[in-house]
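K.L.:
If you scroll down you'll find the structure; I have some questions about it.
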Amino acid sequence: MEIILAIVIGVLYAAGVYLLLRRSIVKLILGLIFFSHATNLLVFLAGSLSKVSPPFVQEGQKVAQASVADPLPQALVLTSLVIGFGITAFALVLIYRFYQSSGTVDFDQLKED
Amino acid sequence: MKYIFVKIVQVIAFAGFYLWELLKANLVLAYDILTPTHHMKPGIVEIPLDIKSDAEIVTLVNLITMTPGSLSLDVSEDKKRLYVHVLYLEDPEAYREEVKTGLEKRVKEVWS
Amino acid sequence: MENLLMLPLVLPVLAAIVSLFAKNSLNFRKASGVFFTLAQLAVAIVILVKVYRDGILVLQVGSWPAPFGITLVADMFSAIMLFFAGLIGFTVSVYALGMMDERRLKFHFYLLFNILLLGVNGAFITGDVFNLYVWFEVMLISSFVLITLGGERKQLEGAVKYVTINMVSSMLFLAAAGLLYGKMGTLNMADLAVKLQHEPASNLVNSSAMLFFIAFGIKAAVFPFFFWLPASYHTPPVAVTALFAGLLTKVGVYAMIRFFTLFFMPLGGIWKELFLITGGLTMLIGVFTAASQYDIRRILSFHIISQIGYMIMGLGFFTPLGIAGAIYYMGHNIVAKTNTFMVGGMVSKLKGTFELKSIGGLYKSHPYLALLFVIPAFALAGVPPLSGFFGKFILVKAGFDSHHFLVTAISLFVGLITLFSMMKIWNEGFWKKQPEDAEEVIAYQEKKLGFAMIFPSVVLALFSIGMGVAVGFFFDFCMTAAHQLLDPSSYIKAVLGN
Amino acid sequence: MQLIRIVGVVFFLAFLTPFIDKRLGKISGYLYALLPALLFTLLLKQLPDIIDRHFIIQSIDWFPLLHVHLSFYLDGLSLLFALLITGMGTLVFIYSGYYMQHYPMRGRFYFYILLFMGAMLGLVLANNLITLFLFWEITSFSSFLLIGFNHERPEARAAALQALLITGFGGLAMLAGFVLLGNVAGSYELTDLLQDGAVVKGSKMYMPLVLLILAGAFTKSAQFPFHFWLPGAMEAPTPVSAYLHSATMVKAGIYLLARLQPILGGTDLWQFSLGLAGAMTMLVGAYFAFTQFDLKKILAYTTISALGMLVLLVGIGTELAITAMVIFLIVHSLYKGALFMIAGAIDKTVGTRDIRHLGGMWPVMPVAAVATFLTLFSMAGLPPFLGFIGKEVIYDAKVQAPEIAVYLAILAVAANIFMVAVAFLFGHGVFFGKKKDPPKIPREPAIPLLIGPVVLSVTSLFMGIYPAILTQPLVLPAIDAVNASPVKLHIQLWHGLNLVFLLSVITVTLGLTLFFFRKPATKALRKFNQRYFKIEFADLFRKLVESFLSFTKRHTEVVQHGYHRFYLMLIFIVSSLLVWYQIYHTRGWGFEANWEEVPFYLIGISLLIITAALGAVFTRSRLVAIILLGVIGYAMAFIFILYGAVDVAITLILVETLVLVLFVMVVYHLPSYMPKYSRPTSRIRDGIIALVFGGFMTALVLKAEFIKISPPISDYFLKEAFTKGHGRNIVNVILVDFRGLDTMGETVVLMIAAIGVFSLLKLKPKKKKEE
Amino acid sequence: MISEWISAVLLVLGAFFMLLAAIGVLRLPDLYIRMHAATKASSFGALLMLVAVSIHFPVAYVIIEAALVIIFIFITAPVASHMIGRIAHLLKVPKWEKTIIDELENRIHYDEKGGKTDD
Amino acid sequence: MILLSTVITNAANVAMGMLLLAFFLAFWRLVKGPSLPDRVVVLDLIASLVIGITLAITFLSGEKVYLNVAVMIALITFMGTVAFAIYLKKRYYDK
Amino acid sequence: MSNPYSNIFRIAATKLRPLLFILSLIVLYRGHQQPGGGFIGGLMAASAYILYALAFNSAEARRKLPLSTSALLGTGLAVILVSGLLSVLAGEPFMTGMWTTLHLPFGQELHLGTPVLFDAGVYLAVIGVLLTIMFDIIDIE
Ligand code: NA
Ligand code: NA
């Protein structure tokens, strides 16, 4: 694993955490997206790094070359990306409706009674 | 048959013109970007339109944007006037004339 | 015949399709919504019986051989959980007929309900780590929508908390799954078990286990990750809370037990201690918090947390009896907890509020409701011969057998405080005279409790009694499950062949 | 004889009460009395067999895996208790038939009390400790329901809860004790345990299990310092007080101690604990009884005292002490049941139980008066009543007890002096002295109310006069059971003049003296109580509960403070600690980062992401943050492409753009970022947390040995994607075929998200009227 | 070999024009002028690079796809810049002080509310 | 995979460098603003830069499949710019 | 007051809609062999309509749809389920791929299988999802 990518993952997580700890609800959602980016990258990189050609079976062949990247983490990341999209969309509308009904974007005013 | 042939020639000619204009535009722009001082004299010019169809208008807008020194900003609601941001504007009237006789005519030709 | 295992997944999806197409007929949607939950229950029973009789059921989805495709596995543990999911699904869906307002029903309540069950069912029967993640997400998103359905301010506030914390948990889960795949090169649980046996704990495996622990801990609402639950569970309509209370946290516990028995715990490490500490603290802190509340739903919500502690403690004992006890406790808790929420819902339907300080006189005016409350409440408090007593007895025995005296003592003490909380509801809501200055109650037009609300509560009450009276019968399943869990060879063999 | 049927039939009848009571109305109580009467005779018929030591053991498997059986055991001890329960039960039902006839919710009363009777029978007949515990708890709960029977009174509710919590606490401790006992002995069957006394006593667990079991017995039997729930329990209707809180339920603890005496008894710990608790209870009960006004409270405290005495006797554990215990047990049940019934009868007919409003009533209620005095004599231990025999044996037992004899004798005498005084106080206060002006005109209580007291007092009298015929057959088998060996004992009324008799005389004399000086004495004592001895245990308990509640409230404010971001913060902190610990624990701090040759553009792209992330975190413009988020997405797509993930990259870019669009559409409706919300310190704190969290993720990735230990399962996909999956795009084949189920779930997630958005936007709460 | 060189040169040139666009966006004095650079230079750069790809991978579907991208960019880029420019003008994003004439402002009847340009 | 000639590799590396540089310059303007339309222009530019980088990677790896990514970017990123424009438009007409 | 909508954008959106739609079908079709597939295809198809809705309004875009959004969702899900259940009818485990080969003129062979059908279901469902979400959000005023 290239150290730089490890750092990127860490930075994305840190950014996510920092944003999640802010009071603004918009930042909260941003934080979640960062978190999800970081996770996807982590899953992808943890699964396959050594081989870089795209996982296709070449025309005229029946078996993929040994040099292709591990396709499974790609499929996993794809699935989680799409799921993440669905949930993010929902969360976005949720904060919009939250703001609409409570009139604030300050999370500290969410304090339950 | 002849019509199609003429059309093809027209389109190719138009494409060539377009590419040439594009190249010119970028070179001029490159010069101005890379030199320390700006030589521009910008202004926004209204151009009354003779062309009517949507396709023609879009083509013209596109063309104006992609050619040197001009950028389409808006089309009026009745689609009769076009507003263009011009970088090197000496005389609005002259520019209007230039578009009417140059670009608009070519667009009309291509879509006719 | 192995295709039987697809039914818990296919039925809810069918329910969703029907609901999407039957846009204009609300009655049809209701009927089909309930029908499909009933069908799921029936299937779950068939699976339970088959697993008990013939051993572990396996479906290799898509005919792909085991570690490569996704395997659906029903061992005893899964089958038991599946059964309870079916039971709760069916009873709550009937309850919702009497509880849910028409507007929510129009907005695909039963579709969401069935899909939530899809997620739960899927989580219980999948034999694949990543597939489990997917079912968790299915469960989560439908719970997100159910918790917000109706769009009231409280709901939205609760939902924001619920959504954010649960999303964090999902992502930790995903990260852990990714790391595990990176090291082990497989996602199939049985395959992981085999490969981990040969590979003593590496840094990666241990750390991803820790991430799993945190992720499942958040889902299961254990200390110190439980805050989202009491912040949100009291906001949606009771039918929704009843379903959540019964099932959702248990899925977290299920996953915890599955992962840590199948592959992590045998690796050694701090897991047992971690489970015992978390279990103990979860019990204590949850029950303390519950004792201070005066809103029925909140009391019950906090108790969900404290009860989770028992299950985690049972896992921490890591003996057959401890794990079987945890499973039995889960079943008991699913039934009793759901039922208390149902009764709470009936109280609010009668009185228009959940606030104990404003409620009273129900013992006199609604004696059968009182009885309906007492049974699950006593069950939760561990009164014999109801289910909760044996749950506690088994765990206490398991704790003493394995010489974990402190945490076991805590569990007994927590039982006492639970009793106190339940009796608080009883004293205030049922015995006390209806306070005459309770404005919200006076302003409220008392509604009739329909058969649809009472019937499911009766069924669950009978179940709480049955689980206690016929404890030998029920515990036999749990013990079988625990033996399978602690000796995964049969699971591995069923999934992987040799 | 099927013991389970004896228990079962009572429960069965209990569950029929809702139906019976509707049909029969007021007379149902008398009818219910038939059942205990029948059971009493059935049980009595077993007496010869039991005397011949033909004990009955019956068992049904219930939960065999954990050795829990529905097993029952009838020997002398359980028979004695069962007879008490059914006999007293008969009288109490007759009494209730009249007493409760106009009560609202009468049906529930009979339900609860039958439930109790069944449970109590089950408790004394159970052979399995867990079965015993089951019935034990049911008695607690039926007691709870009965104490709170007048549930609209706050005092009744509080008293019920108090009693339940205390007995519940004891019960849980006892359960723990039972489990330990079962673990040590390998069985929960009493009949097995009786063989294993030595093993148990030799076990390491002996002390904890004894203490735990004692907690159960002491709370149930109202031993000091748990005694205070019993006076509170007087909130229950009087039949309940007579039955549960004097004759039967409170004796359950005594029963248990007697039962376990052969197994656990005889050790210093046992003797010391029982002796201490019993003596304290005996004294405290008697003392407080003397200063009460309420007839039922007086009786409650004397009951406490008697219970203390019984515990003390069990603790002494000599043969004689056990004999004394058994006899006194009977004596007490007879007189205390009767007295409670009379107190209730007076309350019912006269309208008050306050001794200050009662007096001089013997002319109007002679039958009641006679019955009362007969029982009071028994209570005071005067001959020829059974009470006298009881007291004699007690003194005898104490005198014979080794070592502590003197102290015990003094204590017992002191307590009994108060008892004698209380007895006279009671009788005199109600029937003699000045006539008072009670709420209702005094008259003879109705016959059903008097049947009980008369029968009991007469029984007491005859048992005293003919001990050999009536008492001995009942007592001997019970003593036999406790001592686990046959006894040869001759119970008689007259032992002759000896030290014991002398003690009796002293007791009565001093008691009478105290009675004559009752006015100054009670005044002084009350004053003393007010000034120096203010301890109200019930208050203490209430305060304990209250402070617990306020503790939980404070606790809740701390734990569930409502600030969402602190919840998140805690999660992050704990996760970081746990994972950092785990990383360190397994590998130490050594890193194996390999600085391979990294292409410059990878660094460039990484820097791009890092810059954009920092920008998004610190920008003051939401839209810039959103755009930067998009940029991060695009840049991540580059990484995906660089590592061969085409479909992922495409999907990421599409998704990222859509999220951008969504974000813009939604954020448009939200207000701009506010001026900085948080203080610099909290920003630094959050920054540190963020770095620690991100740091462990980096460390995890760096320290992970990503060399797969075996060929990954994806090798199979490379081979089979085209041949079996008919696709060249392996990722797509995985998505739609190898792992199609994932994709199905994913599609469902999307669908639900869409429905969620739809319902969020379209289903809004109805506008309430403007407030 | 020649084709390789041609595609290499086109590749670098394309990237250069994109860089130019970025420099322009950074350096030019007002939004409208910056848009000239962003739209024209970046599209042109993409065009060059896509031609380079077509030359380098002379396969039918690569060429078709490259053409598709070119067409798409050249359809959408002016539309996008028009939309931004128009709205920027409506929002009265300041013009460079040397702008000599604004006939859009004079002729079009705007309602005078004006909006915020920053957030 | 095609064996890459050094010429192309070098050219792609140079292109990559320039594009990344362009990216950072765009960031600069993005942060500077000052108006929102300024930032949207940057977004539009970034969309092009993304295509450019994708093409550069295509050259570097020699995998022509990656061209697909460029196609998708071209097709879809337009929507982002449009959304911002519409956001601005709404802001104007709502005020 | 001038037109809030841009004519040019409207024209562009009108022209792009069929183009994107056809491209999306191509992407779906060749997804099994080349980059693409149901999700990406569905996203493209949806973006055709989203652009249209942005240029005009949601109601207008809905009118251009052959099916309602919820019917799209339902159909998509049904197609997915059917593709999985076909093998069950044949007595194989759930979701087992069933393939047939169509022999087209010019010697072309077309492999048709349930996984492709599955992808088509995903395609439909994704369109339904994105349009449900975006139309409603665009409608927020
Ligand atoms: Na949950
Ligand atoms: Na619970």
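By order of appearance in the structure tokens: chains A, B, ..., then residues from 1 within every chain, and ligands from 1 in the order shown.
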Neighbours of ligand 2 within 9 Å, counting only C-alpha atoms and all ligand atoms, as number ranges by chain?

P.N.:
C: 245-246, 300-308, 333-334, 336-338, 380

K.L.:
Starting from chain D, keep only residues with some atom at most 8 Å from an atom of chain E, counting only C-alpha atoms, and report them as number ranges by chain.

P.N.:
D: 621-623, 672

K.L.:
Keeping all heavy atoms, export the residues of the selection given above as a PDB file, in the first residue's frame.

P.N.:
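Output file again-v4.pdb follows:
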```pdb
ATOM      1  N   SER D 621     -17.958  28.816   2.848  1.00  0.00           N
ATOM      2  CA  SER D 621     -19.056  28.802   1.902  1.00  0.00           C
ATOM      3  C   SER D 621     -19.533  27.378   1.694  1.00  0.00           C
ATOM      4  O   SER D 621     -18.760  26.483   1.394  1.00  0.00           O
ATOM      5  CB  SER D 621     -18.586  29.389   0.568  1.00  0.00           C
ATOM      6  OG  SER D 621     -19.378  28.882  -0.473  1.00  0.00           O
ATOM      7  N   ARG D 622     -20.820  27.171   1.877  1.00  0.00           N
ATOM      8  CA  ARG D 622     -21.349  25.822   1.728  1.00  0.00           C
ATOM      9  C   ARG D 622     -21.142  25.314   0.322  1.00  0.00           C
ATOM     10  O   ARG D 622     -20.835  24.153   0.095  1.00  0.00           O
ATOM     11  CB  ARG D 622     -22.861  25.819   1.984  1.00  0.00           C
ATOM     12  CG  ARG D 622     -23.242  26.176   3.369  1.00  0.00           C
ATOM     13  CD  ARG D 622     -24.729  26.391   3.428  1.00  0.00           C
ATOM     14  NE  ARG D 622     -25.166  27.328   2.391  1.00  0.00           N
ATOM     15  CZ  ARG D 622     -26.416  27.553   2.103  1.00  0.00           C
ATOM     16  NH1 ARG D 622     -27.365  26.909   2.713  1.00  0.00           N
ATOM     17  NH2 ARG D 622     -26.740  28.438   1.176  1.00  0.00           N
ATOM     18  N   LEU D 623     -21.339  26.229  -0.631  1.00  0.00           N
ATOM     19  CA  LEU D 623     -21.294  25.756  -2.008  1.00  0.00           C
ATOM     20  C   LEU D 623     -19.888  25.383  -2.424  1.00  0.00           C
ATOM     21  O   LEU D 623     -19.681  24.437  -3.183  1.00  0.00           O
ATOM     22  CB  LEU D 623     -21.902  26.813  -2.925  1.00  0.00           C
ATOM     23  CG  LEU D 623     -23.406  26.903  -2.638  1.00  0.00           C
ATOM     24  CD1 LEU D 623     -23.991  28.158  -3.217  1.00  0.00           C
ATOM     25  CD2 LEU D 623     -24.141  25.688  -3.173  1.00  0.00           C
ATOM     26  N   SER D 672     -27.522  30.086   4.981  1.00  0.00           N
ATOM     27  CA  SER D 672     -26.068  29.980   4.842  1.00  0.00           C
ATOM     28  C   SER D 672     -25.456  29.520   6.151  1.00  0.00           C
ATOM     29  O   SER D 672     -26.096  29.528   7.190  1.00  0.00           O
ATOM     30  CB  SER D 672     -25.466  31.330   4.487  1.00  0.00           C
ATOM     31  OG  SER D 672     -26.206  31.929   3.477  1.00  0.00           O
TER      32      SER D 672
END
```

K.L.:
Using CA of Ser411 in chain C and CA of Pro376 in chain C as the two end points, give the distance in Å to one decimal.

P.N.:
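Distance reported for this atom pair: 18.6 Å.
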
K.L.:
Report the closest atom pair, with its distance in Å rounded to one decimal, for each residue of chain A that has an atom no farther than 10 Å from chain C; count only C-alpha atoms, sort by chain and then rising residue number, and write it as JSON lines.

P.N.:
```
{"residue": "A:Gly16", "atom": "CA", "partner": "C:Val168", "partner_atom": "CA", "distance": 10.0}
{"residue": "A:Val17", "atom": "CA", "partner": "C:Val168", "partner_atom": "CA", "distance": 9.7}
{"residue": "A:Leu20", "atom": "CA", "partner": "C:Thr164", "partner_atom": "CA", "distance": 8.7}
{"residue": "A:Ile25", "atom": "CA", "partner": "C:Val160", "partner_atom": "CA", "distance": 9.0}
{"residue": "A:Leu28", "atom": "CA", "partner": "C:Thr164", "partner_atom": "CA", "distance": 8.0}
{"residue": "A:Ile29", "atom": "CA", "partner": "C:Thr164", "partner_atom": "CA", "distance": 8.1}
{"residue": "A:Gly31", "atom": "CA", "partner": "C:Thr164", "partner_atom": "CA", "distance": 9.5}
{"residue": "A:Leu32", "atom": "CA", "partner": "C:Thr164", "partner_atom": "CA", "distance": 7.3}
{"residue": "A:Ile33", "atom": "CA", "partner": "C:Met167", "partner_atom": "CA", "distance": 9.9}
{"residue": "A:Phe35", "atom": "CA", "partner": "C:Met171", "partner_atom": "CA", "distance": 7.2}
{"residue": "A:Ser36", "atom": "CA", "partner": "C:Met171", "partner_atom": "CA", "distance": 6.4}
{"residue": "A:His37", "atom": "CA", "partner": "C:Met171", "partner_atom": "CA", "distance": 9.6}
{"residue": "A:Ala38", "atom": "CA", "partner": "C:Ala175", "partner_atom": "CA", "distance": 8.9}
{"residue": "A:Thr39", "atom": "CA", "partner": "C:Ala175", "partner_atom": "CA", "distance": 5.5}
{"residue": "A:Asn40", "atom": "CA", "partner": "C:Ala175", "partner_atom": "CA", "distance": 7.6}
{"residue": "A:Leu41", "atom": "CA", "partner": "C:Ala175", "partner_atom": "CA", "distance": 9.1}
{"residue": "A:Leu42", "atom": "CA", "partner": "C:Ala175", "partner_atom": "CA", "distance": 6.5}
{"residue": "A:Val43", "atom": "CA", "partner": "C:Gly178", "partner_atom": "CA", "distance": 4.3}
{"residue": "A:Phe44", "atom": "CA", "partner": "C:Gly178", "partner_atom": "CA", "distance": 7.3}
{"residue": "A:Leu45", "atom": "CA", "partner": "C:Gly182", "partner_atom": "CA", "distance": 8.2}
{"residue": "A:Ala46", "atom": "CA", "partner": "C:Gly182", "partner_atom": "CA", "distance": 4.8}
{"residue": "A:Gly47", "atom": "CA", "partner": "C:Gly182", "partner_atom": "CA", "distance": 4.2}
{"residue": "A:Ser48", "atom": "CA", "partner": "C:Gly182", "partner_atom": "CA", "distance": 7.2}
{"residue": "A:Leu49", "atom": "CA", "partner": "C:Gly182", "partner_atom": "CA", "distance": 9.7}
{"residue": "A:Asp70", "atom": "CA", "partner": "C:Gly185", "partner_atom": "CA", "distance": 9.9}
{"residue": "A:Leu72", "atom": "CA", "partner": "C:Tyr181", "partner_atom": "CA", "distance": 9.4}
{"residue": "A:Pro73", "atom": "CA", "partner": "C:Gly178", "partner_atom": "CA", "distance": 7.6}
{"residue": "A:Leu76", "atom": "CA", "partner": "C:Phe130", "partner_atom": "CA", "distance": 7.6}
{"residue": "A:Val77", "atom": "CA", "partner": "C:Gly178", "partner_atom": "CA", "distance": 9.1}
{"residue": "A:Thr79", "atom": "CA", "partner": "C:Val134", "partner_atom": "CA", "distance": 8.3}
{"residue": "A:Ser80", "atom": "CA", "partner": "C:Val134", "partner_atom": "CA", "distance": 8.0}
{"residue": "A:Ile83", "atom": "CA", "partner": "C:Glu137", "partner_atom": "CA", "distance": 7.5}
{"residue": "A:Gly84", "atom": "CA", "partner": "C:Met167", "partner_atom": "CA", "distance": 9.2}
{"residue": "A:Gly86", "atom": "CA", "partner": "C:Ile141", "partner_atom": "CA", "distance": 8.6}
{"residue": "A:Ile87", "atom": "CA", "partner": "C:Ile141", "partner_atom": "CA", "distance": 6.8}
{"residue": "A:Thr88", "atom": "CA", "partner": "C:Met167", "partner_atom": "CA", "distance": 9.6}
{"residue": "A:Phe90", "atom": "CA", "partner": "C:Val145", "partner_atom": "CA", "distance": 8.5}
{"residue": "A:Ala91", "atom": "CA", "partner": "C:Val163", "partner_atom": "CA", "distance": 7.5}
{"residue": "A:Leu94", "atom": "CA", "partner": "C:Leu156", "partner_atom": "CA", "distance": 7.1}
{"residue": "A:Ile95", "atom": "CA", "partner": "C:Val160", "partner_atom": "CA", "distance": 7.2}
{"residue": "A:Tyr96", "atom": "CA", "partner": "C:Leu156", "partner_atom": "CA", "distance": 9.9}
{"residue": "A:Arg97", "atom": "CA", "partner": "C:Leu156", "partner_atom": "CA", "distance": 7.4}
{"residue": "A:Phe98", "atom": "CA", "partner": "C:Leu156", "partner_atom": "CA", "distance": 5.6}
{"residue": "A:Tyr99", "atom": "CA", "partner": "C:Leu156", "partner_atom": "CA", "distance": 9.2}
{"residue": "A:Gln100", "atom": "CA", "partner": "C:Arg153", "partner_atom": "CA", "distance": 9.1}
{"residue": "A:Ser101", "atom": "CA", "partner": "C:Arg153", "partner_atom": "CA", "distance": 5.7}
{"residue": "A:Ser102", "atom": "CA", "partner": "C:Arg153", "partner_atom": "CA", "distance": 6.6}
{"residue": "A:Phe107", "atom": "CA", "partner": "C:Glu157", "partner_atom": "CA", "distance": 9.5}
{"residue": "A:Gln109", "atom": "CA", "partner": "C:Glu157", "partner_atom": "CA", "distance": 9.7}
{"residue": "A:Leu110", "atom": "CA", "partner": "C:Glu157", "partner_atom": "CA", "distance": 6.4}
{"residue": "A:Lys111", "atom": "CA", "partner": "C:Glu157", "partner_atom": "CA", "distance": 8.8}
{"residue": "A:Glu112", "atom": "CA", "partner": "C:Ala231", "partner_atom": "CA", "distance": 6.9}
{"residue": "A:Asp113", "atom": "CA", "partner": "C:Ala231", "partner_atom": "CA", "distance": 9.5}
```

K.L.:
Could you list, as a list in words, all residues that come within 10 Å of ligand 1? Count only C-alpha atoms and all ligand atoms.

P.N.:
Phe136, Met139, Leu140, Ser143, Phe144, Tyr162, Val163, Ile165, Asn166, Ser169, Phe216, Gly217, Ile218, Lys219, Ala220, Ala221, Phe226, Trp228, Leu229, Tyr233, Phe244, Ala245, Leu247, Leu248, Thr249, Lys250, Val251 and Gly252 of chain C

K.L.:
Take the residues from that selection and put them in a file with C-alpha atoms, as an mmCIF file, in the first residue's frame.

P.N.:
```cif
data_model
loop_
_atom_site.group_PDB
_atom_site.id
_atom_site.type_symbol
_atom_site.label_atom_id
_atom_site.label_comp_id
_atom_site.auth_asym_id
_atom_site.auth_seq_id
_atom_site.Cartn_x
_atom_site.Cartn_y
_atom_site.Cartn_z
ATOM 1 C CA PHE C 136 -28.090 -4.197 7.227
ATOM 2 C CA MET C 139 -32.927 -2.710 7.188
ATOM 3 C CA LEU C 140 -31.460 0.679 7.973
ATOM 4 C CA SER C 143 -36.068 2.001 9.293
ATOM 5 C CA PHE C 144 -34.961 5.515 8.353
ATOM 6 C CA TYR C 162 -30.694 7.877 14.254
ATOM 7 C CA VAL C 163 -29.551 8.212 10.686
ATOM 8 C CA ILE C 165 -25.051 7.356 14.042
ATOM 9 C CA ASN C 166 -26.310 4.325 12.205
ATOM 10 C CA SER C 169 -21.801 2.285 12.182
ATOM 11 C CA PHE C 216 -22.394 -4.065 15.765
ATOM 12 C CA GLY C 217 -22.214 -2.426 19.143
ATOM 13 C CA ILE C 218 -23.729 0.715 17.706
ATOM 14 C CA LYS C 219 -26.463 -1.270 15.993
ATOM 15 C CA ALA C 220 -27.134 -3.269 19.112
ATOM 16 C CA ALA C 221 -27.112 -0.086 21.212
ATOM 17 C CA PHE C 226 -26.485 3.534 22.531
ATOM 18 C CA TRP C 228 -29.153 7.217 19.247
ATOM 19 C CA LEU C 229 -31.766 4.797 20.446
ATOM 20 C CA TYR C 233 -37.254 5.475 19.357
ATOM 21 C CA PHE C 244 -37.832 -1.549 15.972
ATOM 22 C CA ALA C 245 -37.702 -2.338 19.643
ATOM 23 C CA LEU C 247 -36.027 -6.597 16.125
ATOM 24 C CA LEU C 248 -33.470 -4.017 15.104
ATOM 25 C CA THR C 249 -31.050 -4.000 17.986
ATOM 26 C CA LYS C 250 -31.294 -7.769 18.076
ATOM 27 C CA VAL C 251 -29.915 -7.944 14.582
ATOM 28 C CA GLY C 252 -26.829 -6.215 15.915
#
```

K.L.:
Leaving out range 50-59 of chain E and any residue of its chain fewer than 6 positions from it, which residues lie within 7 Å of it when counting only C-alpha atoms, given as a list of chain:residue names?

P.N.:
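Close residues of range 50-59 of chain E: E:Ser3, E:Glu4, E:Ser7, E:Ala8, E:Leu10, E:Leu11, E:Ala66.
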
K.L.:
Next, dump the selected residues to file, keeping only C-alpha atoms, as an mmCIF file, in the first residue's frame.

P.N.:
```cif
data_model
loop_
_atom_site.group_PDB
_atom_site.id
_atom_site.type_symbol
_atom_site.label_atom_id
_atom_site.label_comp_id
_atom_site.auth_asym_id
_atom_site.auth_seq_id
_atom_site.Cartn_x
_atom_site.Cartn_y
_atom_site.Cartn_z
ATOM 1 C CA SER E 3 1.198 8.800 -35.439
ATOM 2 C CA GLU E 4 2.733 8.251 -32.054
ATOM 3 C CA SER E 7 -0.732 11.911 -30.661
ATOM 4 C CA ALA E 8 1.954 12.781 -28.145
ATOM 5 C CA LEU E 10 -1.705 16.642 -29.392
ATOM 6 C CA LEU E 11 -1.876 15.196 -25.927
ATOM 7 C CA ALA E 66 -14.048 10.071 -28.812
#
```

K.L.:
Counting only C-alpha atoms, which residues in chain B sit no more than 8 Å from chain G? For each one, give the nearest pair of atoms and the distance in Å, sorted by chain then residue number, as CSV.

P.N.:
```
residue,atom,partner,partner_atom,distance
B:Asp54,CA,G:Ile11,CA,6.5
B:Ala55,CA,G:Ile11,CA,7.8
B:Ile57,CA,G:Ile8,CA,7.9
B:Val58,CA,G:Ile8,CA,6.3
B:Asp74,CA,G:Ser6,CA,7.9
B:Val75,CA,G:Asn7,CA,7.1
B:Ser76,CA,G:Ser2,CA,7.9
B:Glu77,CA,G:Asn3,CA,5.8
B:Lys79,CA,G:Asn7,CA,7.8
```

K.L.:
Atoms to include: C-alpha atoms. Write the selected residues as a short mmCIF file (atom, residue, chain, number, x, y, z; two decimals), in the first residue's frame.

P.N.:
```cif
data_model
loop_
_atom_site.label_atom_id
_atom_site.label_comp_id
_atom_site.auth_asym_id
_atom_site.auth_seq_id
_atom_site.Cartn_x
_atom_site.Cartn_y
_atom_site.Cartn_z
CA ASP B 54 -34.29 26.47 -32.27
CA ALA B 55 -31.60 24.54 -34.04
CA ILE B 57 -30.30 29.65 -32.62
CA VAL B 58 -28.45 26.97 -30.69
CA ASP B 74 -28.53 35.42 -23.25
CA VAL B 75 -31.34 35.04 -25.71
CA SER B 76 -34.36 37.20 -25.22
CA GLU B 77 -37.63 35.55 -24.33
CA LYS B 79 -35.89 34.58 -29.25
#
```

K.L.:
With a distance cut-off of 10 Å and only C-alpha atoms, select the neighbouring residues of range 17-23 of chain B, excluding the residue or stretch itself and same-chain residues fewer than 4 positions from it, and output the selection as a list in words.

P.N.:
Val11, Ile12, Ala13, Leu27, Val28, Leu29, Leu63, Ile64, Thr65, Met66, Thr67, Pro68, Leu103 and Arg106 of chain B; Lys40, Ala41, Ser43 and Phe44 of chain E
